[in-house]
Each structure stands twice: as structure tokens, then as C-alpha cells.
file upload_20.json (JSON, C-alpha atoms)
[["chain", "number", "residue", "atom", "x", "y", "z"],
["A", 817, "MET", "CA", 123.50, 225.59, 131.77],
["A", 818, "ALA", "CA", 123.66, 223.12, 134.67],
["A", 819, "ASP", "CA", 123.91, 225.98, 137.16],
["A", 820, "LEU", "CA", 120.91, 227.62, 135.54],
["A", 821, "GLY", "CA", 118.85, 224.42, 135.77],
["A", 822, "ALA", "CA", 119.63, 223.91, 139.44],
["A", 823, "THR", "CA", 118.90, 227.57, 140.13],
["A", 824, "LEU", "CA", 115.52, 227.38, 138.36],
["A", 825, "LEU", "CA", 114.55, 224.36, 140.47],
["A", 826, "ILE", "CA", 115.45, 226.11, 143.72],
["A", 827, "LEU", "CA", 113.61, 229.26, 142.67],
["A", 828, "ALA", "CA", 110.49, 227.24, 141.77],
["A", 829, "ARG", "CA", 110.47, 225.27, 145.03],
["A", 830, "ASN", "CA", 111.22, 228.42, 147.07],
["A", 831, "ALA", "CA", 108.30, 230.26, 145.44],
["A", 832, "ILE", "CA", 105.93, 227.50, 146.54],
["A", 833, "ALA", "CA", 107.46, 227.12, 150.01],
["A", 834, "ALA", "CA", 107.19, 230.86, 150.65],
["A", 835, "ARG", "CA", 103.40, 230.58, 150.40],
["A", 836, "PHE", "CA", 103.54, 228.30, 153.45],
["A", 837, "GLY", "CA", 105.95, 230.55, 155.35],
["A", 838, "GLN", "CA", 108.76, 228.03, 154.99],
["A", 839, "PRO", "CA", 112.37, 229.26, 154.78],
["A", 840, "ALA", "CA", 113.91, 229.64, 151.36],
["A", 841, "ALA", "CA", 116.84, 227.49, 150.27],
["A", 842, "PRO", "CA", 119.90, 229.58, 149.42],
["A", 843, "VAL", "CA", 120.07, 230.51, 145.76],
["A", 844, "ALA", "CA", 122.19, 232.96, 143.77],
["A", 845, "VAL", "CA", 120.19, 235.14, 141.42],
["A", 846, "ASN", "CA", 123.18, 236.77, 139.78],
["A", 847, "LEU", "CA", 123.12, 234.58, 136.65],
["A", 848, "PRO", "CA", 122.64, 236.92, 133.65],
["A", 849, "GLU", "CA", 120.11, 234.53, 132.07],
["A", 850, "LEU", "CA", 117.72, 235.03, 134.99],
["A", 851, "HIS", "CA", 117.31, 238.69, 134.08],
["A", 852, "GLU", "CA", 116.68, 238.07, 130.38],
["A", 853, "LYS", "CA", 113.24, 237.22, 129.01],
["A", 854, "GLY", "CA", 112.51, 233.52, 129.33],
["A", 855, "ALA", "CA", 109.65, 231.02, 129.11],
["A", 856, "THR", "CA", 109.23, 228.08, 131.48],
["A", 857, "PHE", "CA", 106.79, 225.35, 132.33],
["A", 858, "VAL", "CA", 106.67, 224.15, 135.91],
["A", 859, "THR", "CA", 105.27, 220.65, 136.41],
["A", 860, "LEU", "CA", 104.45, 219.16, 139.79],
["A", 861, "THR", "CA", 104.06, 215.41, 140.28],
["A", 862, "GLN", "CA", 103.38, 213.12, 143.23],
["A", 863, "ARG", "CA", 104.17, 209.41, 142.96],
["A", 864, "GLY", "CA", 104.46, 209.83, 139.21],
["A", 865, "GLU", "CA", 101.02, 211.45, 138.84],
["A", 866, "LEU", "CA", 100.48, 214.99, 137.62],
["A", 867, "ARG", "CA", 99.68, 217.42, 140.45],
["A", 868, "GLY", "CA", 99.93, 220.72, 138.58],
["A", 869, "CYS", "CA", 101.44, 222.19, 135.42],
["A", 870, "ILE", "CA", 101.45, 225.81, 134.33],
["A", 871, "GLY", "CA", 103.78, 227.64, 131.99],
["A", 872, "SER", "CA", 104.52, 230.31, 129.46],
["A", 873, "LEU", "CA", 104.66, 229.61, 125.75],
["A", 874, "GLU", "CA", 106.51, 232.81, 124.95],
["A", 875, "ALA", "CA", 109.25, 234.72, 126.73],
["A", 876, "TRP", "CA", 107.72, 238.03, 127.82],
["A", 877, "ARG", "CA", 109.15, 238.64, 131.30],
["A", 878, "PRO", "CA", 112.46, 238.00, 133.07],
["A", 879, "LEU", "CA", 113.17, 234.30, 133.53],
["A", 880, "LEU", "CA", 113.47, 234.82, 137.29],
["A", 881, "ASP", "CA", 109.90, 236.14, 137.47],
["A", 882, "ASP", "CA", 108.56, 233.61, 134.98],
["A", 883, "VAL", "CA", 109.72, 230.50, 136.84],
["A", 884, "GLN", "CA", 108.54, 231.80, 140.21],
["A", 885, "GLU", "CA", 105.11, 232.82, 138.97],
["A", 886, "ASN", "CA", 104.62, 229.57, 137.05],
["A", 887, "ALA", "CA", 105.63, 227.56, 140.13],
["A", 888, "ARG", "CA", 103.06, 229.38, 142.27],
["A", 889, "ASN", "CA", 100.42, 228.96, 139.58],
["A", 890, "ALA", "CA", 101.15, 225.23, 139.15],
["A", 891, "ALA", "CA", 100.87, 224.73, 142.91],
["A", 892, "PHE", "CA", 97.90, 226.95, 143.69],
["A", 893, "ARG", "CA", 96.03, 227.91, 140.50],
["A", 894, "ASP", "CA", 95.95, 224.91, 138.18],
["A", 895, "PRO", "CA", 92.17, 224.56, 137.71],
["A", 896, "ARG", "CA", 92.44, 220.77, 137.44],
["A", 897, "PHE", "CA", 93.55, 220.41, 141.07],
["A", 898, "GLU", "CA", 92.93, 221.70, 144.56],
["A", 899, "PRO", "CA", 95.67, 224.09, 145.76],
["A", 900, "LEU", "CA", 98.74, 222.30, 147.06],
["A", 901, "SER", "CA", 98.90, 221.93, 150.85],
["A", 902, "ALA", "CA", 101.96, 222.37, 153.04],
["A", 903, "ASP", "CA", 101.83, 218.66, 153.89],
["A", 904, "GLU", "CA", 102.09, 217.75, 150.20],
["A", 905, "LEU", "CA", 105.16, 219.85, 149.40],
["A", 906, "PRO", "CA", 107.76, 217.38, 150.77],
["A", 907, "VAL", "CA", 106.42, 214.62, 148.49],
["A", 908, "THR", "CA", 105.96, 216.83, 145.43],
["A", 909, "ARG", "CA", 108.51, 216.64, 142.62],
["A", 910, "VAL", "CA", 109.16, 219.89, 140.79],
["A", 911, "GLU", "CA", 110.20, 219.90, 137.14],
["A", 912, "VAL", "CA", 111.18, 223.01, 135.21],
["A", 913, "SER", "CA", 111.26, 223.13, 131.41],
["A", 914, "LEU", "CA", 113.02, 226.10, 129.84],
["A", 915, "LEU", "CA", 111.60, 226.62, 126.36],
["A", 916, "THR", "CA", 113.04, 227.97, 123.16],
["A", 917, "PRO", "CA", 110.73, 230.04, 120.95],
["A", 918, "ALA", "CA", 108.09, 227.93, 119.21],
["A", 919, "LYS", "CA", 108.80, 227.17, 115.56],
["A", 920, "PRO", "CA", 106.14, 226.47, 112.93],
["A", 921, "LEU", "CA", 105.88, 222.87, 111.83],
["A", 922, "THR", "CA", 105.05, 222.43, 108.14],
["A", 923, "PHE", "CA", 103.22, 219.23, 107.34],
["A", 924, "ALA", "CA", 100.90, 217.69, 104.79],
["A", 925, "SER", "CA", 99.02, 215.31, 107.07],
["A", 926, "GLU", "CA", 98.64, 214.28, 110.69],
["A", 927, "ALA", "CA", 101.10, 211.42, 110.08],
["A", 928, "ASP", "CA", 103.62, 213.83, 108.58],
["A", 929, "ALA", "CA", 103.34, 216.17, 111.56],
["A", 930, "LEU", "CA", 103.80, 213.34, 114.04],
["A", 931, "ALA", "CA", 106.77, 211.94, 112.10],
["A", 932, "GLN", "CA", 108.59, 215.26, 112.51],
["A", 933, "LEU", "CA", 108.25, 215.35, 116.31],
["A", 934, "ARG", "CA", 111.06, 213.90, 118.40],
["A", 935, "PRO", "CA", 109.41, 211.66, 121.03],
["A", 936, "ASN", "CA", 110.00, 212.76, 124.63],
["A", 937, "VAL", "CA", 111.91, 215.85, 123.44],
["A", 938, "ASP", "CA", 109.65, 218.20, 121.52],
["A", 939, "GLY", "CA", 106.54, 219.77, 122.87],
["A", 940, "VAL", "CA", 103.80, 220.81, 120.50],
["A", 941, "ILE", "CA", 101.08, 223.42, 120.16],
["A", 942, "PHE", "CA", 98.17, 222.23, 118.02],
["A", 943, "THR", "CA", 95.95, 225.02, 116.68],
["A", 944, "ALA", "CA", 92.74, 224.53, 114.72],
["A", 945, "GLY", "CA", 90.44, 227.49, 114.26],
["A", 946, "HIS", "CA", 90.08, 229.12, 117.67],
["A", 947, "HIS", "CA", 91.05, 225.94, 119.53],
["A", 948, "ARG", "CA", 94.55, 225.45, 120.88],
["A", 949, "SER", "CA", 96.14, 222.58, 122.76],
["A", 950, "THR", "CA", 99.66, 222.60, 124.24],
["A", 951, "HIS", "CA", 101.69, 219.56, 125.29],
["A", 952, "GLN", "CA", 105.27, 219.23, 126.54],
["A", 953, "SER", "CA", 107.79, 216.48, 125.74],
["A", 954, "VAL", "CA", 105.26, 214.55, 123.75],
["A", 955, "ALA", "CA", 105.66, 210.80, 123.36],
["A", 956, "LEU", "CA", 104.77, 209.74, 119.83],
["A", 957, "GLN", "CA", 101.76, 207.64, 120.80],
["A", 958, "ARG", "CA", 100.51, 210.40, 123.10],
["A", 959, "ALA", "CA", 100.92, 212.98, 120.33],
["A", 960, "GLN", "CA", 98.78, 210.84, 118.04],
["A", 961, "ARG", "CA", 96.05, 210.57, 120.69],
["A", 962, "LEU", "CA", 96.22, 214.31, 121.36],
["A", 963, "ALA", "CA", 95.93, 215.21, 117.70],
["A", 964, "GLN", "CA", 93.02, 212.83, 117.26],
["A", 965, "HIS", "CA", 91.32, 214.19, 120.36],
["A", 966, "LEU", "CA", 91.76, 217.75, 119.14],
["A", 967, "LEU", "CA", 90.43, 216.90, 115.71],
["A", 968, "ARG", "CA", 87.50, 214.73, 116.83],
["A", 969, "HIS", "CA", 86.34, 216.16, 120.13],
["A", 970, "LEU", "CA", 87.35, 219.78, 120.42],
["A", 971, "LEU", "CA", 86.30, 220.85, 116.95],
["A", 972, "ASP", "CA", 82.64, 221.12, 116.17],
["A", 973, "PRO", "CA", 82.29, 221.00, 113.24],
["A", 974, "PRO", "CA", 85.67, 219.39, 112.42],
["A", 975, "LEU", "CA", 88.11, 221.60, 110.55],
["A", 976, "GLU", "CA", 90.48, 220.29, 107.96],
["A", 977, "ARG", "CA", 93.35, 222.61, 108.79],
["A", 978, "VAL", "CA", 95.40, 222.07, 111.93],
["A", 979, "GLU", "CA", 98.55, 224.09, 112.54],
["A", 980, "ALA", "CA", 101.33, 223.02, 114.86],
["A", 981, "GLN", "CA", 104.35, 224.67, 116.43],
["A", 982, "VAL", "CA", 107.18, 222.77, 118.04],
["A", 983, "LEU", "CA", 108.42, 223.67, 121.51],
["A", 984, "VAL", "CA", 111.96, 222.53, 122.19],
["A", 985, "PRO", "CA", 113.35, 222.63, 125.73],
["A", 986, "GLU", "CA", 116.50, 224.76, 125.59],
["A", 987, "GLN", "CA", 118.66, 222.33, 127.51],
["A", 988, "GLN", "CA", 118.00, 219.61, 124.94],
["A", 989, "GLN", "CA", 119.72, 221.68, 122.28],
["A", 990, "ASP", "CA", 122.84, 221.67, 124.46],
["A", 991, "GLN", "CA", 122.67, 217.87, 124.86],
["A", 992, "HIS", "CA", 121.38, 218.09, 128.42],
["A", 993, "ALA", "CA", 118.13, 216.75, 129.86],
["A", 994, "PRO", "CA", 115.03, 218.41, 128.35],
["A", 995, "PHE", "CA", 114.01, 219.60, 131.79],
["A", 996, "VAL", "CA", 115.34, 219.66, 135.29],
["A", 997, "ARG", "CA", 113.82, 217.61, 138.12],
["A", 998, "ASP", "CA", 114.39, 217.94, 141.80],
["A", 999, "PRO", "CA", 115.38, 214.85, 143.78],
["A", 1000, "VAL", "CA", 112.04, 214.06, 145.47],
["A", 1001, "GLU", "CA", 111.56, 210.30, 145.23],
["A", 1002, "GLN", "CA", 108.48, 209.08, 143.43]]

call {"tool": "encode", "arguments": {"input": "upload_20.json", "output": "C-alpha cells"}}
result
Amino acid sequence: MADLGATLLILARNAIAARFGQPAAPVAVNLPELHEKGATFVTLTQRGELRGCIGSLEAWRPLLDDVQENARNAAFRDPRFEPLSADELPVTRVEVSLLTPAKPLTFASEADALAQLRPNVDGVIFTAGHHRSTHQSVALQRAQRLAQHLLRHLLDPPLERVEAQVLVPEQQQDQHAPFVRDPVEQ
């Protein structure tokens, strides 16, 4: 799995660098997992602040394609930010989360749902009516704020039923880090 994580990071950074005409770092794409369906989130940060984050909730294309497309989208199509510039790339940290399929979370209350989430490990998809909110590696306090925000601000009128699915980074199940970060200093 370690080789896969390092490979995903290089593929993500290469996909962004290619947009600027920069040379690609060497990477082997002969790992069988890269050619199987996979779902990733690519998160970009600068000095600890979010700079872009785009991903797939379900595996529907080869992992190789998924990580590259999500890297480009995080860098150039995240609607919350201006497209990344070539000058920013050297100070941008790339993180890749490889997700397992989402699993339904059965709960009786908001407190019950939050008690079942593993802080800084599980991601969560909250769904209420036609509204949906997705969050990776949720800290418990952040999950509470997100659930409250979804319930109080996104729903008009408020609905009583909220569904949740848990997203678990694949590496975590193998006792590795929940995502892979490149070595850019923050």
C-alpha cells in the first residue's frame, strides 16, 4: 500500500504540473490497483489553509484516471478558489485520500451518529431531503458543527430525517495513515 500511496501523490502532483508545462516526476503506473476502479479525494493546502479539494465519492473509473482528474479539478476548478498559479505550486501541499465504498450509518439521533464516527479517521456524507454535504476525516467537534449547520441552515423547512454514510480511507483499514501527504513544508 505504501507504494500505491507514493504513486498516487506523484500522479496528482504531475497532473497539476503538466498544466504549467513542467516536467513530470518519474512514476511507475504498472501497479494493478491503478487500473482498477477507485475513488479519491485530492486536497491542496498552503500554510495549513485549504486551497482546493475535489474528489469522487464512488469508484467509477480507473484509479489512475480518478486521482489525476481530481488533482486537476482541485487545482483549477474548485469554485471556492481562483485557479492555482504556477508560482503557487511549489508551496502547495498535495494530499490524496483513497476511499473505501461508503457504508450506511444507522443512528437514532444526531448524538448517536456522531458517537459512531471515529474522529480524524472517518469521513461522512450527510443527506437530508435533496441536500447533501460531504466531509473527509471529520473531527468530532467539526462533525457536530457540520450536522448542526446542515440541519439549521441548509434545510428550509427543517427535516427530521438525516441520513449519513461513513467514508473510510482505505489505508486506515491497513493501519496506515488515512491519507498520503507530500513533503511540502507548511

call {"tool": "closest_residue", "arguments": {"input": "upload_20.json", "among": "A:Val940, A:Pro839, A:Thr856, A:Asn886", "to": "Glu874 in chain A", "atoms": "all atoms listed in the file"}}
result
A:Thr856

call {"tool": "residues_near_point", "arguments": {"input": "upload_20.json", "point": "(105.7, 230.4, 144.4)", "cutoff": "12 Å", "atoms": "all atoms listed in the file", "output": "count of residues only"}}
result
36

call {"tool": "residues_around", "arguments": {"input": "upload_20.json", "residues": "Trp876 in chain A", "least_positions_apart": "4", "cutoff": "9 Å", "atoms": "all atoms listed in the file", "output": "count of residues only"}}
result
5

call {"tool": "closest_residue", "arguments": {"input": "upload_20.json", "among": "A:Gly939, A:Pro842, A:Gly821, A:Pro917", "to": "Ala875 in chain A", "atoms": "only C-alpha atoms"}}
result
A:Pro917

call {"tool": "atom_distance", "arguments": {"input": "upload_20.json", "atom1": "CA of Gly868 in chain A", "atom2": "CA of Thr908 in chain A"}}
result
9.9 Å

call {"tool": "atom_distance", "arguments": {"input": "upload_20.json", "atom1": "CA of Ile941 in chain A", "atom2": "CA of Lys919 in chain A"}}
result
9.7 Å

call {"tool": "atom_distance", "arguments": {"input": "upload_20.json", "atom1": "CA of Ala841 in chain A", "atom2": "CA of Phe897 in chain A"}}
result
26.0 Å

call {"tool": "axis_aligned_box", "arguments": {"input": "upload_20.json", "around": "range 868-880 of chain A", "padding_each_side": "8 Å", "output": "JSON"}}
result
{"center_x": 106.7, "center_y": 229.7, "center_z": 131.8, "size_x": 29.5, "size_y": 33.9, "size_z": 29.6}

call {"tool": "closest_residue", "arguments": {"input": "upload_20.json", "among": "A:His851, A:Asp928, A:Leu860, A:Ala844", "to": "Glu904 in chain A", "atoms": "all atoms listed in the file"}}
result
A:Leu860
